[in-house]
Every structure is written in structure tokens, then in C-alpha cells.
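Accompanying notes for the structure given below.
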Amino acid sequence: MEEEKKQETRRSKRCPSCIEDKCNHECYVTYITGLYSFLLFVWIETSNEYHGFDWVVYLLTGYWYFWSILLLSLFGILVVYTSLLLILGFLLIREGYELYLFWCHKILVMLVILICTFFLSILCIYWKDRWLTFGLSLKVFAPHVHLTMITVVVLLSWPVAYYLVHLEQEAAQVAIGLPFFLILLFLFVVPWGFYSPCVENENKLGPKPALFGHRGAPMLAPENTMMSFEKAVENDAFGLETDVFLSIDEVPFLMHDHNLRRTTNIREVKPNESYTATSFFYWKFLSTLNAGEWFVDSWKKPFYNMKPLSEADKEKAESQKIPKLSDYLDIARKTNKYVIFDLNGPPPKHPLRSTYVRRVVDVILKSKIEQHLVYWLPGFDRDYVRWKAPNFQHVGRLDPVAELKKENISIINVDYKRLFHNGLSDYKAANFIINLYIVNEPWVFSLAWCSKINSVTTDNIVLLRQINYPYYSMTPKSYVLLWIFLDCISAVFIFTIFYFHWWRENLREQVFERTSSYTGKVGGLPHCYPLPQDIGSAFHVTDKC
């Protein structure tokens, strides 16, 4: 008798009438998995900003590391963990068991929620540019994401159909079924209101954007060194981009950071002055610093996807020094490359505080570089520059079109995220020459190409120069055919899956109704009631729910 009670208890734990309670747990895990999958997707799509993110963390902590890749790995591990919980939970529900999480998993799930909430808050408050990049990625990947999502919904239709057939409460059925079918309907019709510059006929595709080497070729050599600019020239750069400071004795030189800690050996030479502003050193001292040893240090390399250096390049990199502006102009003049640079104004008490632009213009003119090769970006003292060097090509920022026209500017150098969200069509209609920065990933470069952008500034010149056709592009006709075909196929599959679950449940009820004639119960037994062994075997039905 006691053994029968144990069997009854075991079977009752596997009864489908408990599906509603089990479903709540599974929906909870599904929500967490979906949230983390979305966060992982956002992080992957914004890979073009990894270097910028690592740079911001470096400014906050003083330590250089691939923090973006560390977070990518963390998000990936958490997605795998929650996905395994989700799959395990579904399998247990399918077998009729209740779900019980061990205390360690409950703690981990809570940590997962807190981590996800923290990083989403960071993205929303302090790193809003990520959302701009993510939105742009959809312009490129939306056709492919759309087709992939339809496939995912077809796969999800199996557990959804299972729940809908077994749930007894109408409210629970509506809570699961209605969102599913609304999402499905949205996916079926969304291409009608969709636009992507990468869905375009080949004959309407513009020329490939030209490439400016950002600080030279910083994946091949130490940034802002002569070796870096030589590598950029070797890789057919259209132009060379850099950053300029002026020393205390009025020598313009190349450096990006506002101190010398990251890219020189100042911490070994003068550790107490490592945080001193870059412009407060004499050129005689700056010219003695090593500007390349950090690059060959595996813990300080600037990009996670850098290729290993040859022994000859390692030796050359380790001997690099800080170049003067005149050295940079000399290589541009000899190779007929365009130049564009950010000019950092000296801090207070610097002797060139108010005349630094004039000093730089004098150096440029003395270099004998052709004036039309100079993309003049600084906005300070522009009238003097126009008078002194009338053939410089003046470059503006993301200012209103009317204001740029008033200043006789026809070239703009802008952050790619800002431009696409602030009236690209207006600047194209006004025939502006557009340069975007910083473009490292093929999908961003493909978006620029499809959008008929003139040039981009990149760290990844080796990869982008090898792209001969935009990635992820397709013709409108191909996309429409794929869309209609996949919609039809998915509709057939989803209908078949729902019909199969409905048919199987009806068959099961018919089997249990037939068993009632053996038990003598009027109206039959509940379908989850444990069957006598001989009856269950006769109808190929086990006592599992």
C-alpha cells in the first residue's frame, strides 16, 4: 500500500496539470536567455568600437587591456549557461517533471540578472554610441537577421505548440500564443517597410571609398611613427592621418595622447613626469624617447586581431622614435599622399597658446608639400590659414549644411555613427565630399560603400583594401524572392507542427477515453491518471504524462 502511494506521488509530480507552474519557471529562464542573447548580439555588432572602449577604460584605470574581448567572452559564457538551463528545463517539462534549481544555480541566475542589468545600464547611460552603432548594423544585417529570425521562430514553434496544447488556463494560452503569433506576423510583413542601402542593384553601386591610414597603419607598426606611415603607403593608402602637438620650444611633433605613458618609455626614463602634459617637454628630450618598444609587448599591443610581426619588423618597431611634423609631411610629399590631422591646442602658459596654428602652417609651407594635398581640419584661426595657404582644402565637422556653405567648406570629416543618424542625405544632396572615421570592420566599410561615401579613416587598412565588393549586399529581387520563399516554407512548417501537437493530444485523449470502458468509470479518467500496466501496454501508452 505504501509503495502504491509512492508511485502515485511520483506520477503526480509528472502530471501535465502542473504545466502552468512549470511554464512560469521556463518563461523566466527564457527571458534571461533572450536578454543575454540580445546583449551579446549588441556587443558583437558593435565590434568596430572595441578599440574605443578599451581606450576609455585605459583613461579611467591607467591599464591597457582588451576589456572589450573580456566582456565578449563573459557574455558568451553566460548565454551558453542560460541556454543550457533553458534546454534542460524544457526537456524536464516534456517528460512531466517539475523543475527544481539547486541553490548554486539560483545564486548564479541572480548574478546573471545583476550583471546583465549593470551592463545594460552602462550602455544606456555612459555609452549611448553603442546603440547608434547597433542601429547602423541593422541597416546592413537586417535582411539577413530577418531571414534568420524566421528560421528561429520556426524552431520555437515546437515548444510553443506543446505548451499551448497542454495548458489548461486560457489566460496562459493567450500570454504565450498571442506574442508568438504577433512576432510571426511582424516578421512576415516587415520587409514592406524596410530600407537598407545594401539592398541595391549592382549598377547603382558607387566607387569603393578611399582609405586614410589612421595614425598610419597601427595594426602593422607603432602608431604615429615613420614605420607606421611607411606601412600605410605600402598598403596603398589614399592619405595619412595623424595627431599633432607642439613642444615647449615650438616644434610640432606627432602624438595622440595628452601624456607620454602609453606609447613611449617615459615611465622608465622619467617616471615622476609620466603624467606631465605632452606639450610641456622640450623636443631635445622628446627625440630621445623610444616610441616602439610598447608595440611588441604582448600585454600592450593595441588590437586583439593583430597579425604577428616578422623578426625584421619587430626589430624596426623597437627602434622607432617620435617623429616631427616635418618628417610626416616629407613622406606624404614624396609619395603624393593626402594628409589630415587633429591639431591639439597647447595648454595655458605655453608660449604658442594663441599662435600655434600659424606655427604649424609655417612648417607645412616649408615642407614644400603641394597645398592641395593638405586637408585642413582645425577650425581655429581659419581666416589666417586661407590667406597664408589659399590652396589648402578646408575640412569641416558635422555642422549644418548652410553654415558649412557659408564658410566655403565642401569636405566634412565626421564620426560614422553621427552622420548616418543626422542627415546623410542632406550632405550628399549638397555634394559634400565625406570622410568617415574610424571604420575598421568590413560591415561598416560596406555600409559606407553602399551609401556612396568618398573615403574612410581606418586602423585596419590591410583588411579593407582587400575588399573588392561590399559584404552582405544583395539585389532587391534576390531579397524579395528569399523573403517570399522563406515565408511560405515557414508557414507550412509552423502549421504542420501545431497540427501535429493537436493531433497527438487528441489521440491521447481518445486512448484514455477508451480506457474508461475497462475501468468502469463514467466519463473516463483524467488523461494523466496512471494506467494499469496491461491497458497502457495494449495502447502503447506509458504512465508518463
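Starting from 1 in every chain, residues are counted up; chains themselves are A, B, ... following the order of the C-alpha cells, and ligands are numbered from 1 as listed.
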Contact table range 336-432 of chain A vs range 441-454 of chain A, cut-off 10 Å, shortest pair per residue, only C-alpha atoms, as CSV:
residue,atom,partner,partner_atom,distance
A:Ile411,CA,A:Asn454,CA,9.9
A:Tyr416,CA,A:Ala448,CA,8.4
A:Lys417,CA,A:Val444,CA,9.7
A:Phe420,CA,A:Ser451,CA,9.4
A:Leu424,CA,A:Ser451,CA,8.8
A:Ser425,CA,A:Ser451,CA,9.4
A:Lys428,CA,A:Lys452,CA,8.7
A:Phe432,CA,A:Asn454,CA,9.2
>> Please list as a PyMOL selection string every residue within 8 Å of Ser157 in chain A, counting only C-alpha atoms and excluding residues in the same chain fewer than 5 positions away.
In response: chain A and resi 494+497-498
If you take only C-alpha atoms and a cut-off of 12 Å, which residues of range 139-222 of chain A touch range 471-490 of chain A, and what are their nearest atom pairs and distances in Å to one decimal, in chain and number order, as a Markdown table?
| residue | atom | partner | partner_atom | distance |
| --- | --- | --- | --- | --- |
| A:Lys139 | CA | A:Tyr472 | CA | 10.4 |
| A:Val140 | CA | A:Tyr472 | CA | 6.7 |
| A:Phe141 | CA | A:Tyr472 | CA | 7.0 |
| A:Ala142 | CA | A:Tyr472 | CA | 9.8 |
| A:Pro143 | CA | A:Tyr479 | CA | 7.4 |
| A:His144 | CA | A:Tyr472 | CA | 8.0 |
| A:Val145 | CA | A:Tyr472 | CA | 11.0 |
| A:His146 | CA | A:Trp483 | CA | 8.7 |
| A:Leu147 | CA | A:Trp483 | CA | 7.1 |
| A:Thr148 | CA | A:Leu486 | CA | 9.8 |
| A:Met149 | CA | A:Leu486 | CA | 10.7 |
| A:Ile150 | CA | A:Ser490 | CA | 7.1 |
| A:Thr151 | CA | A:Ser490 | CA | 7.2 |
| A:Val152 | CA | A:Ser490 | CA | 10.0 |
| A:Val153 | CA | A:Ser490 | CA | 8.5 |
| A:Val154 | CA | A:Ser490 | CA | 6.1 |
| A:Leu155 | CA | A:Ser490 | CA | 9.6 |
| A:Leu156 | CA | A:Ser490 | CA | 11.5 |
| A:Ser157 | CA | A:Ser490 | CA | 10.1 |
| A:Leu184 | CA | A:Asp487 | CA | 9.6 |
| A:Leu185 | CA | A:Asp487 | CA | 9.9 |
| A:Phe186 | CA | A:Asp487 | CA | 11.3 |
| A:Leu187 | CA | A:Asp487 | CA | 8.6 |
| A:Phe188 | CA | A:Asp487 | CA | 6.1 |
| A:Val189 | CA | A:Asp487 | CA | 9.2 |
| A:Val190 | CA | A:Trp483 | CA | 10.0 |
| A:Pro191 | CA | A:Trp483 | CA | 8.0 |
| A:Trp192 | CA | A:Val480 | CA | 9.8 |
| A:Phe194 | CA | A:Pro476 | CA | 11.3 |
| A:Tyr195 | CA | A:Pro476 | CA | 10.2 |
| A:Ser196 | CA | A:Ser473 | CA | 9.2 |
| A:Pro197 | CA | A:Ser473 | CA | 8.5 |
| A:Cys198 | CA | A:Ser473 | CA | 4.7 |
| A:Val199 | CA | A:Met474 | CA | 5.1 |
| A:Glu200 | CA | A:Thr475 | CA | 5.0 |
| A:Asn201 | CA | A:Thr475 | CA | 5.0 |
| A:Glu202 | CA | A:Thr475 | CA | 7.3 |
| A:Asn203 | CA | A:Thr475 | CA | 10.2 |
| A:Lys204 | CA | A:Thr475 | CA | 10.4 |
| A:Leu205 | CA | A:Ser473 | CA | 10.3 |
Using the selection just defined, write its residues with N, CA and C atoms as a short mmCIF file (atom, residue, chain, number, x, y, z; two decimals), in the first residue's frame.
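To be explicit, this is the file written out as result34.cif:
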data_model
loop_
_atom_site.label_atom_id
_atom_site.label_comp_id
_atom_site.auth_asym_id
_atom_site.auth_seq_id
_atom_site.Cartn_x
_atom_site.Cartn_y
_atom_site.Cartn_z
N LYS A 139 21.07 48.23 -40.53
CA LYS A 139 20.94 48.65 -41.93
C LYS A 139 21.65 47.66 -42.86
N VAL A 140 22.72 47.06 -42.35
CA VAL A 140 23.48 46.11 -43.15
C VAL A 140 22.94 44.68 -42.96
N PHE A 141 22.73 44.31 -41.70
CA PHE A 141 22.40 42.92 -41.39
C PHE A 141 20.91 42.64 -41.36
N ALA A 142 20.07 43.69 -41.42
CA ALA A 142 18.63 43.47 -41.25
C ALA A 142 18.05 42.41 -42.20
N PRO A 143 18.40 42.42 -43.50
CA PRO A 143 17.86 41.37 -44.36
C PRO A 143 18.25 39.97 -43.90
N HIS A 144 19.48 39.83 -43.45
CA HIS A 144 19.96 38.53 -43.01
C HIS A 144 19.40 38.16 -41.63
N VAL A 145 19.30 39.16 -40.75
CA VAL A 145 18.70 38.92 -39.44
C VAL A 145 17.23 38.54 -39.60
N HIS A 146 16.54 39.22 -40.52
CA HIS A 146 15.13 38.92 -40.76
C HIS A 146 14.94 37.47 -41.19
N LEU A 147 15.74 37.03 -42.15
CA LEU A 147 15.61 35.66 -42.63
C LEU A 147 16.02 34.66 -41.55
N THR A 148 17.01 35.01 -40.74
CA THR A 148 17.43 34.13 -39.65
C THR A 148 16.35 34.03 -38.57
N MET A 149 15.73 35.17 -38.24
CA MET A 149 14.70 35.18 -37.21
C MET A 149 13.49 34.33 -37.59
N ILE A 150 13.14 34.33 -38.87
CA ILE A 150 12.04 33.46 -39.31
C ILE A 150 12.38 32.00 -39.04
N THR A 151 13.62 31.64 -39.32
CA THR A 151 14.07 30.26 -39.04
C THR A 151 14.00 29.96 -37.54
N VAL A 152 14.42 30.91 -36.71
CA VAL A 152 14.39 30.72 -35.26
C VAL A 152 12.95 30.56 -34.78
N VAL A 153 12.03 31.35 -35.32
CA VAL A 153 10.62 31.25 -34.91
C VAL A 153 10.04 29.89 -35.29
N VAL A 154 10.46 29.37 -36.43
CA VAL A 154 10.00 28.03 -36.81
C VAL A 154 10.46 27.00 -35.78
N LEU A 155 11.71 27.11 -35.32
CA LEU A 155 12.22 26.19 -34.30
C LEU A 155 11.48 26.36 -32.97
N LEU A 156 11.19 27.62 -32.62
CA LEU A 156 10.48 27.88 -31.37
C LEU A 156 9.03 27.44 -31.42
N SER A 157 8.49 27.28 -32.60
CA SER A 157 7.08 26.89 -32.71
C SER A 157 6.82 25.52 -32.10
N LEU A 184 5.48 36.55 -35.29
CA LEU A 184 5.50 35.85 -36.57
C LEU A 184 4.90 36.72 -37.67
N LEU A 185 3.77 37.37 -37.36
CA LEU A 185 3.14 38.25 -38.35
C LEU A 185 4.06 39.41 -38.70
N PHE A 186 4.70 39.97 -37.68
CA PHE A 186 5.62 41.09 -37.90
C PHE A 186 6.76 40.66 -38.82
N LEU A 187 7.32 39.48 -38.59
CA LEU A 187 8.42 39.01 -39.42
C LEU A 187 7.98 38.74 -40.85
N PHE A 188 6.73 38.33 -41.01
CA PHE A 188 6.23 38.05 -42.35
C PHE A 188 6.07 39.32 -43.20
N VAL A 189 5.75 40.45 -42.54
CA VAL A 189 5.41 41.65 -43.31
C VAL A 189 6.43 42.78 -43.18
N VAL A 190 7.45 42.63 -42.29
CA VAL A 190 8.36 43.74 -42.02
C VAL A 190 9.11 44.23 -43.26
N PRO A 191 9.46 43.39 -44.24
CA PRO A 191 10.19 43.93 -45.40
C PRO A 191 9.45 45.01 -46.17
N TRP A 192 8.13 45.09 -46.04
CA TRP A 192 7.38 46.13 -46.75
C TRP A 192 7.80 47.53 -46.31
N PHE A 194 10.84 48.26 -44.91
CA PHE A 194 12.26 48.16 -44.60
C PHE A 194 13.11 48.79 -45.71
N TYR A 195 14.19 49.47 -45.29
CA TYR A 195 15.14 50.03 -46.25
C TYR A 195 16.56 49.74 -45.79
N SER A 196 17.37 49.27 -46.71
CA SER A 196 18.79 49.07 -46.44
C SER A 196 19.58 49.51 -47.66
N PRO A 197 20.60 50.36 -47.47
CA PRO A 197 21.41 50.78 -48.62
C PRO A 197 22.16 49.61 -49.25
N CYS A 198 22.29 48.49 -48.51
CA CYS A 198 23.00 47.33 -49.04
C CYS A 198 22.09 46.41 -49.85
N VAL A 199 20.79 46.73 -49.94
CA VAL A 199 19.90 46.03 -50.86
C VAL A 199 19.75 46.95 -52.07
N GLU A 200 20.60 46.73 -53.04
CA GLU A 200 20.71 47.65 -54.16
C GLU A 200 21.22 46.91 -55.39
N ASN A 201 20.82 47.36 -56.55
CA ASN A 201 21.31 46.78 -57.79
C ASN A 201 22.77 47.15 -58.01
N GLU A 202 23.51 46.25 -58.61
CA GLU A 202 24.95 46.44 -58.78
C GLU A 202 25.27 47.68 -59.61
N ASN A 203 24.45 47.99 -60.59
CA ASN A 203 24.76 49.13 -61.47
C ASN A 203 24.59 50.47 -60.77
N LYS A 204 23.99 50.48 -59.57
CA LYS A 204 23.81 51.72 -58.82
C LYS A 204 24.85 51.86 -57.69
N LEU A 205 25.76 50.90 -57.60
CA LEU A 205 26.77 50.94 -56.55
C LEU A 205 27.85 51.96 -56.89
#
> Can you tell me how far CA of Leu464 in chain A sits from CA of Asn440 in chain A, in Å to one decimal?
Replying inline: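 Interatomic distance here is 7.6 Å.
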>> Please list as a ChimeraX atom specification every residue within 9 Å of Ala232 in chain A, counting only C-alpha atoms and excluding residues in the same chain fewer than 6 positions away.
In response: /A:212-214,216-218,220,238-240,461-462
>> I'd like the contact shell of Ser326 in chain A - 7 Å cut-off, only C-alpha atoms, skipping same-chain residues fewer than 2 positions apart - returned as JSON, numbers by chain.
In response: {"A": [324, 328, 329, 330, 363, 367]}
> Using only C-alpha atoms, which of the listed residues (A:Val244, A:Met306, A:Asp362, A:Tyr375) sits closest to Asn344 in chain A?
Replying inline: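 Looking at the shortest contact to Asn344 in chain A, the residue is A:Val244.
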>> When you count only C-alpha atoms, which of these residues is closest to Asn460 in chain A: A:Thr264, A:Asn413, A:Thr242, A:Asn305?
In response: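 Looking at the shortest contact to Asn460 in chain A, the residue is A:Asn305.
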> So which bits of range 314-459 of chain A end up alpha helix (DSSP H) when you DSSP the backbone, as a PyMOL selection string?
Replying inline: chain A and resi 314-318+325-335+356-366+382-388+401-406+416-420+424-429+442-450
>> Just the number, please: distance in Å from CA of Trp387 in chain A to CA of Val339 in chain A, one decimal.
In response: 19.6 Å
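Between CA of Asp297 in chain A and CA of Leu309 in chain A lies a distance of 11.2 Å.
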> Could you pull out all residues of range 188-357 of chain A with a DSSP call of strand (DSSP E) and give them as a PyMOL selection string?
Replying inline: chain A and resi 210-214+239-246+252-254+338-343
> Can you list, as an MDAnalysis selection string, every protein, DNA or RNA residue that comes within 8 Å of Gln393 in chain A when you count only C-alpha atoms, leaving out same-chain residues fewer than 3 positions away?
Replying inline: chainID A and resid 371:376 411
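Remark: for Ile32 in chain A, the closest of the candidate residues A:Ala210, A:Phe66, A:Ser83, A:Thr46 is A:Ser83 (distances computed over only C-alpha atoms).
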